[in-house]
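**Student:** Pasting data_30.txt here (compact mmCIF, C-alpha atoms):
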# COMPACT_ATOMS: atom_id res chain seq x y z
CA MET A 46 -13.26 19.16 -13.49
CA ARG A 47 -14.53 17.62 -10.33
CA LYS A 48 -13.65 19.03 -6.99
CA SER A 49 -11.46 16.58 -5.13
CA SER A 50 -12.73 15.14 -1.92
CA ILE A 51 -11.78 12.16 0.12
CA GLY A 52 -14.79 10.03 0.94
CA ILE A 53 -15.36 8.02 4.06
CA ILE A 54 -13.03 5.11 3.91
CA ILE A 55 -10.37 3.40 5.41
CA LEU A 56 -8.97 0.56 5.81
CA SER A 57 -6.61 -1.80 6.51
CA ILE A 58 -4.33 -3.93 4.69
CA ILE A 59 -1.79 -6.22 6.05
CA LEU A 60 1.33 -7.59 5.28
CA VAL A 61 2.60 -10.61 7.11
CA GLY A 62 2.23 -13.65 9.12
CA MET A 63 5.66 -14.50 10.31
CA ALA A 64 6.63 -16.06 13.62
CA ILE A 65 9.95 -14.43 14.28
CA PRO A 66 11.39 -15.93 17.48
CA ALA A 67 10.91 -19.58 16.56
CA GLY A 68 10.86 -19.44 12.78
CA PHE A 69 7.80 -20.22 10.70
CA SER A 70 5.45 -22.72 12.30
CA THR A 71 2.89 -23.51 9.57
CA SER A 72 1.76 -22.16 6.24
CA ASP A 73 -1.31 -20.72 7.95
CA SER A 74 0.92 -18.26 9.81
CA GLN A 75 1.71 -16.68 6.47
CA VAL A 76 -1.90 -15.59 5.87
CA VAL A 77 -3.24 -12.61 7.81
CA ILE A 78 -6.43 -10.53 7.72
CA THR A 79 -6.71 -6.94 8.82
CA TYR A 80 -10.20 -5.62 9.54
CA GLY A 81 -11.21 -1.99 9.75
CA GLU A 82 -12.65 -1.54 13.23
CA THR A 83 -16.07 -0.48 11.91
CA THR A 84 -16.29 -3.65 9.85
CA TYR A 85 -15.07 -5.89 12.64
CA ASN A 86 -17.65 -4.54 15.07
CA ASN A 87 -20.56 -5.11 12.67
CA ALA A 88 -21.38 -8.80 12.15
CA ASN A 89 -23.02 -8.22 8.77
CA TYR A 90 -20.10 -6.15 7.47
CA LYS A 91 -17.60 -8.72 8.69
CA ASN A 92 -19.50 -11.53 6.97
CA ILE A 93 -19.42 -9.62 3.69
CA VAL A 94 -15.63 -9.22 3.69
CA ASP A 95 -15.05 -12.75 5.00
CA GLU A 96 -17.04 -14.17 2.08
CA PHE A 97 -14.97 -12.15 -0.37
CA PHE A 98 -11.70 -13.32 1.14
CA ALA A 99 -12.77 -16.96 1.32
CA GLN A 100 -13.83 -16.99 -2.32
CA GLN A 101 -11.02 -14.92 -3.79
CA ALA A 102 -8.10 -16.30 -1.76
CA ASN A 103 -9.48 -19.84 -1.43
CA VAL A 104 -8.57 -20.04 2.27
CA ASP A 105 -10.01 -21.59 5.41
CA MET A 106 -11.06 -18.51 7.36
CA SER A 107 -11.09 -20.40 10.68
CA LYS A 108 -7.32 -20.87 10.51
CA ILE A 109 -6.29 -17.32 9.71
CA SER A 110 -4.90 -14.80 12.17
CA SER A 111 -6.41 -11.33 12.19
CA LYS A 112 -5.95 -7.89 13.70
CA ILE A 113 -8.03 -4.74 13.87
CA ILE A 114 -6.97 -1.40 12.41
CA THR A 115 -8.39 1.58 14.29
CA ALA A 116 -8.98 5.18 13.31
CA ASN A 117 -5.95 6.14 15.40
CA ASP A 118 -3.77 3.74 13.40
CA VAL A 119 -4.89 5.32 10.15
CA ASN A 120 -4.76 8.93 11.32
CA LYS A 121 -1.13 8.65 12.38
CA ILE A 122 -0.28 8.61 8.70
CA SER A 123 -3.22 9.94 6.71
CA SER A 124 -3.78 13.16 8.64
CA SER A 125 -0.38 14.54 7.67
CA ILE A 126 -0.89 13.59 4.02
CA SER A 127 -4.48 14.59 3.28
CA GLY A 128 -5.37 16.73 6.29
CA VAL A 129 -8.34 14.43 6.92
CA THR A 130 -8.88 12.50 10.14
CA TYR A 131 -11.30 9.65 10.75
CA ASN A 132 -13.35 8.39 13.67
CA SER A 133 -14.07 4.83 14.80
CA GLY A 134 -17.23 4.67 12.72
CA GLN A 135 -15.40 5.27 9.43
CA ILE A 136 -12.90 2.42 9.25
CA PHE A 137 -14.41 -0.02 6.76
CA SER A 138 -11.84 -1.38 4.32
CA SER A 139 -10.11 -4.66 5.09
CA ALA A 140 -7.45 -6.83 3.52
CA LEU A 141 -6.00 -10.30 3.44
CA VAL A 142 -2.35 -10.98 2.66
CA ASP A 143 -1.12 -14.41 1.62
CA LEU A 144 2.64 -14.89 1.72
CA ASN A 145 2.69 -18.60 0.88
CA ASP A 146 3.53 -17.74 -2.72
CA ASN A 147 6.05 -14.93 -2.40
CA ASP A 148 7.64 -14.86 -5.85
CA ASN A 149 5.80 -11.71 -6.93
CA LEU A 150 3.74 -8.89 -5.48
CA GLU A 151 0.08 -9.03 -6.49
CA VAL A 152 -2.88 -6.95 -5.30
CA SER A 153 -6.48 -7.95 -6.02
CA VAL A 154 -8.93 -5.11 -5.40
CA ASP A 155 -12.69 -5.56 -5.06
CA LYS A 156 -13.60 -3.01 -7.72
CA SER A 157 -17.26 -3.07 -6.74
CA LYS A 158 -16.33 -1.54 -3.37
CA ILE A 159 -12.94 0.17 -3.78
CA THR A 160 -13.79 2.93 -6.21
CA ARG A 161 -10.63 4.94 -6.91
CA ILE A 162 -7.36 3.20 -6.00
CA THR A 163 -6.32 0.34 -8.27
CA GLY A 164 -4.20 -2.71 -7.60
CA ASP A 165 -1.38 -1.22 -9.66
CA MET A 166 -1.38 1.92 -7.50
CA TYR A 167 -1.04 -0.17 -4.35
CA ILE A 168 1.73 -2.22 -5.92
CA SER A 169 3.67 0.87 -6.96
CA ALA A 170 3.48 2.40 -3.48
CA LEU A 171 4.42 -0.89 -1.79
CA LYS A 172 7.45 -1.26 -4.03
CA SER A 173 8.48 2.27 -3.06
CA SER A 174 8.73 0.90 0.48
CA GLY A 175 10.81 -2.08 -0.62
CA ILE A 176 8.00 -4.66 -0.50
CA THR A 177 8.07 -6.84 -3.62
CA ALA A 178 6.05 -10.01 -2.87
CA GLY A 179 2.86 -11.38 -1.32
CA HIS A 180 -0.73 -11.52 -2.56
CA VAL A 181 -2.92 -8.78 -1.10
CA TYR A 182 -6.73 -8.82 -1.34
CA VAL A 183 -8.53 -5.53 -0.59
CA THR A 184 -12.26 -5.06 -0.03
CA SER A 185 -14.83 -3.17 2.02
CA PRO A 186 -18.43 -3.87 3.06
CA THR A 187 -19.41 -0.45 1.65
CA THR A 188 -17.97 1.71 -1.11
CA ALA A 189 -14.64 3.35 -0.29
CA THR A 190 -12.15 5.34 -2.33
CA GLY A 191 -9.13 3.56 -0.86
CA GLU A 192 -6.46 6.25 -0.45
CA SER A 193 -5.66 5.34 3.12
CA ALA A 194 -5.26 1.59 2.66
CA LEU A 195 -1.49 1.71 3.03
CA ALA A 196 -1.82 2.67 6.70
CA GLY A 197 -2.94 -0.86 7.47
CA ILE A 198 -0.08 -2.42 5.54
CA MET A 199 2.50 -0.40 7.39
CA ASN A 200 0.90 -1.05 10.79
CA SER A 201 0.58 -4.77 10.24
CA TYR A 202 4.12 -5.26 9.02
CA GLU A 203 5.41 -3.49 12.11
CA GLU A 204 3.30 -5.81 14.28
CA ALA A 205 4.66 -8.89 12.54
CA THR A 206 8.34 -7.94 12.64
CA ASN A 207 8.54 -5.79 15.78
CA VAL A 208 10.48 -3.28 13.69
CA GLU A 209 9.10 0.20 13.08
CA ILE A 210 8.94 1.42 9.50
CA PRO A 211 10.60 4.85 9.32
CA GLU A 212 8.10 7.67 9.30
CA THR A 213 9.79 9.06 6.19
CA VAL A 214 9.04 5.84 4.30
CA LYS A 215 5.42 5.75 5.47
CA GLU A 216 4.85 9.35 4.46
CA ALA A 217 6.46 8.94 1.04
CA ALA A 218 4.48 5.80 0.11
CA ASN A 219 1.19 7.31 1.30
CA LYS A 220 1.92 10.62 -0.42
CA GLU A 221 2.52 8.74 -3.67
CA ILE A 222 -0.79 6.90 -3.64
CA TYR A 223 -2.75 9.94 -2.43
CA THR A 224 -1.27 12.12 -5.20
CA GLN A 225 -2.22 9.58 -7.87
CA SER A 226 -5.75 9.47 -6.48
CA GLU A 227 -6.05 13.25 -6.57
CA ILE A 228 -4.90 13.42 -10.18
CA VAL A 229 -7.46 10.81 -11.23
CA GLU A 230 -10.17 12.70 -9.35
CA ASN A 231 -9.19 16.06 -10.88
CA SER A 232 -8.68 15.02 -14.50
CA ASN A 233 -10.03 12.91 -17.33
CA VAL A 234 -7.03 10.60 -17.16
CA SER A 235 -7.66 7.01 -16.11
CA ALA A 236 -6.16 5.37 -13.04
CA GLU A 237 -4.33 2.93 -15.33
CA GLU A 238 -2.70 5.76 -17.29
CA ILE A 239 -1.55 7.53 -14.13
CA SER A 240 -0.22 4.30 -12.65
CA GLU A 241 1.81 3.57 -15.80
CA LEU A 242 3.09 7.15 -15.86
CA VAL A 243 4.26 6.94 -12.25
CA ASP A 244 5.99 3.60 -12.83
CA ASP A 245 7.82 4.95 -15.88
CA VAL A 246 8.95 8.10 -14.10
CA LYS A 247 10.03 6.26 -10.94
CA GLU A 248 12.08 3.80 -13.01
CA THR A 249 13.87 6.61 -14.85
CA VAL A 250 14.44 8.62 -11.68
CA LYS A 251 15.85 5.58 -9.88
CA GLU A 252 18.09 4.47 -12.75
CA GLU A 253 19.52 7.94 -13.23
CA ASN A 254 19.56 8.74 -9.50
CA ILE A 255 17.65 11.97 -10.00
CA THR A 256 16.81 13.98 -6.89
CA ASP A 257 16.38 17.48 -8.34
CA HIS A 258 12.74 18.57 -8.41
CA GLN A 259 12.83 20.42 -11.74
CA THR A 260 14.57 17.51 -13.44
CA ILE A 261 11.80 15.18 -12.20
CA VAL A 262 9.22 17.66 -13.55
CA ASN A 263 10.96 17.49 -16.93
CA VAL A 264 10.93 13.68 -16.88
CA ILE A 265 7.18 13.69 -16.13
CA ASN A 266 6.54 16.19 -18.90
CA ASN A 267 8.44 14.05 -21.39
CA TYR A 268 6.40 10.96 -20.52
CA THR A 269 3.10 12.85 -20.70
CA ILE A 270 3.97 14.03 -24.21
CA VAL A 271 5.13 10.61 -25.42
CA ASN A 272 2.05 8.87 -23.98
CA ASN A 273 -0.40 11.67 -24.82
CA ILE A 274 -1.46 12.14 -21.18
CA ASN A 275 -3.10 15.46 -20.43
CA ILE A 276 -2.71 16.60 -16.82
CA THR A 277 -2.31 20.11 -15.41
CA ASN A 278 0.96 21.77 -14.48
CA SER A 279 -0.22 21.69 -10.88
CA ASP A 280 -0.71 17.92 -11.06
CA ILE A 281 2.74 17.53 -12.58
CA GLU A 282 4.28 19.59 -9.78
CA ASN A 283 2.49 17.57 -7.10
CA LEU A 284 3.49 14.29 -8.71
CA ALA A 285 7.10 15.45 -8.97
CA THR A 286 7.08 16.31 -5.28
CA ALA A 287 5.72 12.86 -4.39
CA ILE A 288 8.25 11.02 -6.55
CA GLU A 289 11.07 13.21 -5.26
CA GLN A 290 10.05 12.26 -1.72
CA VAL A 291 10.08 8.56 -2.62
CA GLN A 292 13.52 8.89 -4.18
CA ASN A 293 14.92 10.76 -1.19
CA VAL A 294 13.91 8.09 1.36
CA GLN A 295 15.49 5.11 -0.38
CA GLY A 296 18.35 5.21 2.11
CA ASP A 297 15.82 4.78 4.93
CA VAL A 298 14.14 1.95 2.99
CA ASN A 299 17.48 0.15 2.69
CA ASN A 300 18.29 0.66 6.38
CA TYR A 301 14.86 -0.64 7.38
CA SER A 302 15.23 -3.71 5.17
CA SER A 303 18.65 -4.43 6.69
CA GLU A 304 17.25 -4.17 10.22
CA VAL A 305 14.46 -6.62 9.48
CA SER A 306 16.89 -8.91 7.68
CA SER A 307 19.08 -9.10 10.77
CA ILE A 308 16.11 -10.38 12.77
CA PHE A 309 15.41 -13.12 10.29
CA ASN A 310 19.06 -14.11 10.19
CA ASN A 311 18.88 -14.74 13.95
CA THR A 312 15.91 -17.11 13.83
CA THR A 313 16.31 -20.83 14.54
CA ASP A 314 15.44 -21.64 10.92
CA THR A 315 17.70 -19.16 9.21
CA ASN A 316 17.50 -20.49 5.66
CA SER A 317 13.71 -20.63 5.38
CA ALA A 318 13.25 -17.31 7.19
CA LYS A 319 15.83 -15.54 5.07
CA GLY A 320 14.32 -17.07 1.95
CA LEU A 321 10.92 -15.61 2.75
CA PHE A 322 12.46 -12.28 3.61
CA ASP A 323 14.40 -12.15 0.35
CA GLY A 324 11.11 -12.71 -1.45
CA LEU A 325 9.36 -9.94 0.43
CA PHE A 326 11.93 -7.24 -0.13
CA GLY A 327 13.75 -6.22 -3.25
Would it be possible to restate this file's structure as structure tokens?
**Tutor:**
Amino acid sequence: MRKSSIGIIILSIILVGMAIPAGFSTSDSQVVITYGETTYNNANYKNIVDEFFAQQANVDMSKISSKIITANDVNKISSSISGVTYNSGQIFSSALVDLNDNDNLEVSVDKSKITRITGDMYISALKSSGITAGHVYVTSPTTATGESALAGIMNSYEEATNVEIPETVKEAANKEIYTQSEIVENSNVSAEEISELVDDVKETVKEENITDHQTIVNVINNYTIVNNINITNSDIENLATAIEQVQNVQGDVNNYSSEVSSIFNNTTDTNSAKGLFDGLFG
């Protein structure tokens, strides 16, 4: 069993390009790039991620808004989850989010650079926060494990809406993805198997409104037996804690969604703004 360690990474993802006060101006405003500060400050690194985004998302890079995610932005969330803090020379990972097609949530991960976190893991954690649409592209100029990528998503959505995401929601979503990463690192179970396990357990817990820790442990155990997944009791306990935390913050997720919705309902183009919002949040 390998000893878990979080490699140099970080990142940034984004989530939005919405002009709130005057409605949505053009389709270009719905595509945003977030660069890790290390990548942005290195011309070669920036060119590498720009080429990936241009090819994968089929976009005109000259017309896309961008922002920079700093080590401080990431550490506000990641340090309390993993105990690891980063400096300005360690923020590599970057992301592009395209909201022009907002019917579903899709995450495309550059698997040659992002080595541990999968698209399905990002999707699961985003849905825990109430985000259900947008196409996210994640890459890095160098190899990165990817645990901290959600910090950029949260930061960027706050920038776009001028509404703070509750700290409880940030912590729960990041705890979920970090716990999945740790289990993959510590076991012989694949990322895909863990992602499917988490989705199954979260669905059952939500449908049955389960908040008791031991009951969630039992649900996880049942799914591991049915799907022949072999993880340790410690991993099961940690996963139960993460899912319990997600379940317990759903009230905050709903309140946050309502607050953002009220902003969109006050825009000059209420129907189109509300339509986009309804696509973004389930």
**Student:** Could you jot down the atom CA of A:Val214 to atom CA of A:Val264 separation for me, Å, one decimal place?
**Tutor:**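 Taking atom CA of A:Val214 as the start and atom CA of A:Val264 as the end point, the length is 22.7 Å.
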**Student:** Counting all atoms listed in the file, which of A:Ile288, A:Ile159, A:Ile126, A:Ile114 gets nearest to A:Tyr182?
**Tutor:**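 Closest candidate: A:Ile159.
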**Student:** Contacts of A:Lys215 at 9 Å or less, counting all atoms listed in the file, minus same-chain residues fewer than 3 places along, as a compact mmCIF listing (two decimals) with C-alpha atoms, in the coordinates of the input?
**Tutor:**
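Okay, this is what ended up in part-v4.txt:
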# COMPACT_ATOMS: atom_id res chain seq x y z
CA ILE A 122 -0.28 8.61 8.70
CA SER A 174 8.73 0.90 0.48
CA LEU A 195 -1.49 1.71 3.03
CA ALA A 196 -1.82 2.67 6.70
CA MET A 199 2.50 -0.40 7.39
CA ILE A 210 8.94 1.42 9.50
CA PRO A 211 10.60 4.85 9.32
CA GLU A 212 8.10 7.67 9.30
CA ALA A 218 4.48 5.80 0.11
CA ASN A 219 1.19 7.31 1.30
CA LYS A 220 1.92 10.62 -0.42
**Student:** Each residue of stretch 105-218 of chain A with at least one atom at most 9 Å from stretch 238-250 of chain A should appear once, together with its nearest atom pair and the corresponding distance in Å (one decimal); atoms considered: all atoms listed in the file; ordering: chain, then increasing residue number; output as JSON lines.
**Tutor:**
{"residue": "A:Thr163", "atom": "CA", "partner": "A:Ser240", "partner_atom": "CA", "distance": 8.5}
{"residue": "A:Asp165", "atom": "CA", "partner": "A:Ser240", "partner_atom": "CA", "distance": 6.4}
{"residue": "A:Met166", "atom": "CA", "partner": "A:Ser240", "partner_atom": "CA", "distance": 5.8}
{"residue": "A:Ser169", "atom": "CA", "partner": "A:Asp244", "partner_atom": "CA", "distance": 6.9}
{"residue": "A:Ser173", "atom": "CA", "partner": "A:Lys247", "partner_atom": "CA", "distance": 9.0}
**Student:** Got a sec: who's within 9 Å of A:Asp280, counting all atoms listed in the file, leaving out chain neighbours fewer than 6 positions off, as a PDB file with C-alpha atoms, keeping the file's coordinate frame?
**Tutor:**
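Result file follows (selection-v5.pdb):
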ATOM      1  CA  THR A 224      -1.270  12.120  -5.200  1.00  0.00           C
ATOM      2  CA  GLU A 227      -6.050  13.250  -6.570  1.00  0.00           C
ATOM      3  CA  ILE A 228      -4.900  13.420 -10.180  1.00  0.00           C
ATOM      4  CA  ASN A 231      -9.190  16.060 -10.880  1.00  0.00           C
TER       5      ASN A 231
END
**Student:** Rank A:Ser123, A:Ala170, A:Thr184, A:Gln135 by their smallest atom-to-atom distance to A:Ser157, using all atoms listed in the file, and report the top residue only.
**Tutor:**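 That would be A:Thr184, the residue with the smallest distance to A:Ser157.
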**Student:** Env of A:Ala217: 8 Å cut, atoms = all atoms listed in the file, seq-sep filter 6 positions within chain, self excluded. Answer as a list in words.
**Tutor:**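 Everything that qualifies: Ala287, Gln290, Val291 and Val294 of chain A.
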**Student:** Within 9 Å of A:Lys158, counting all atoms listed in the file, which residues show up once you throw out same-chain ones fewer than 5 positions away? Write them as a CSV table (one decimal) with C-alpha atoms, in the coordinates of the input, please.
**Tutor:**
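selection_39.csv, written as the output of this step:
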chain,number,residue,atom,x,y,z
A,138,SER,CA,-11.8,-1.4,4.3
A,184,THR,CA,-12.3,-5.1,0.0
A,185,SER,CA,-14.8,-3.2,2.0
A,186,PRO,CA,-18.4,-3.9,3.1
A,187,THR,CA,-19.4,-0.4,1.6
A,188,THR,CA,-18.0,1.7,-1.1
A,189,ALA,CA,-14.6,3.4,-0.3
A,190,THR,CA,-12.2,5.3,-2.3
**Student:** Could you state the separation of atom CA of A:Tyr80 and atom CA of A:Val229 in Å, given to one decimal place?
**Tutor:** 26.6 Å
**Student:** Using only C-alpha atoms, which protein or nucleic acid residues come within 7 Å of A:Leu144? Drop anything in the same chain fewer than 5 positions from it, and give the result as a PDB file with C-alpha atoms, in the frame of the given file.
**Tutor:**
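Resulting contents of part_11.pdb:
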ATOM      1  CA  VAL A  61       2.600 -10.610   7.110  1.00  0.00           C
ATOM      2  CA  GLN A  75       1.710 -16.680   6.470  1.00  0.00           C
ATOM      3  CA  VAL A  76      -1.900 -15.590   5.870  1.00  0.00           C
ATOM      4  CA  GLY A 179       2.860 -11.380  -1.320  1.00  0.00           C
ATOM      5  CA  HIS A 180      -0.730 -11.520  -2.560  1.00  0.00           C
TER       6      HIS A 180
END
**Student:** Have a look at atom CA of A:Thr130 and atom CA of A:Asp118 and let me know their distance in Å, one decimal.
**Tutor:** 10.7 Å
**Student:** Nearest to A:Val183: which of A:Gly81, A:Lys121, A:Thr160, A:Ser139 is it, counting only C-alpha atoms?
**Tutor:**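 Among A:Gly81, A:Lys121, A:Thr160, A:Ser139, it is A:Ser139 that comes nearest to A:Val183.
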**Student:** Measuring between only C-alpha atoms, which one of A:Val129, A:Val262, A:Asn87, A:Thr256 shows the shortest distance to A:Gln295?
**Tutor:** A:Thr256
**Student:** Of the candidates A:Thr213, A:Ser133, A:Asn117, A:Thr83, which shows the shortest atom-to-atom distance to A:Gly296, using only C-alpha atoms?
**Tutor:**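 Distance minimum relative to A:Gly296 lands on A:Thr213.
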**Student:** Identify which of the residues A:Glu96, A:Ile168, A:Asn132, A:Glu209 lies closest to A:Ser153, counting all atoms listed in the file when measuring atom-to-atom distances.
**Tutor:**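 Once distances to A:Ser153 are computed over all atoms listed in the file, the minimum belongs to A:Ile168.
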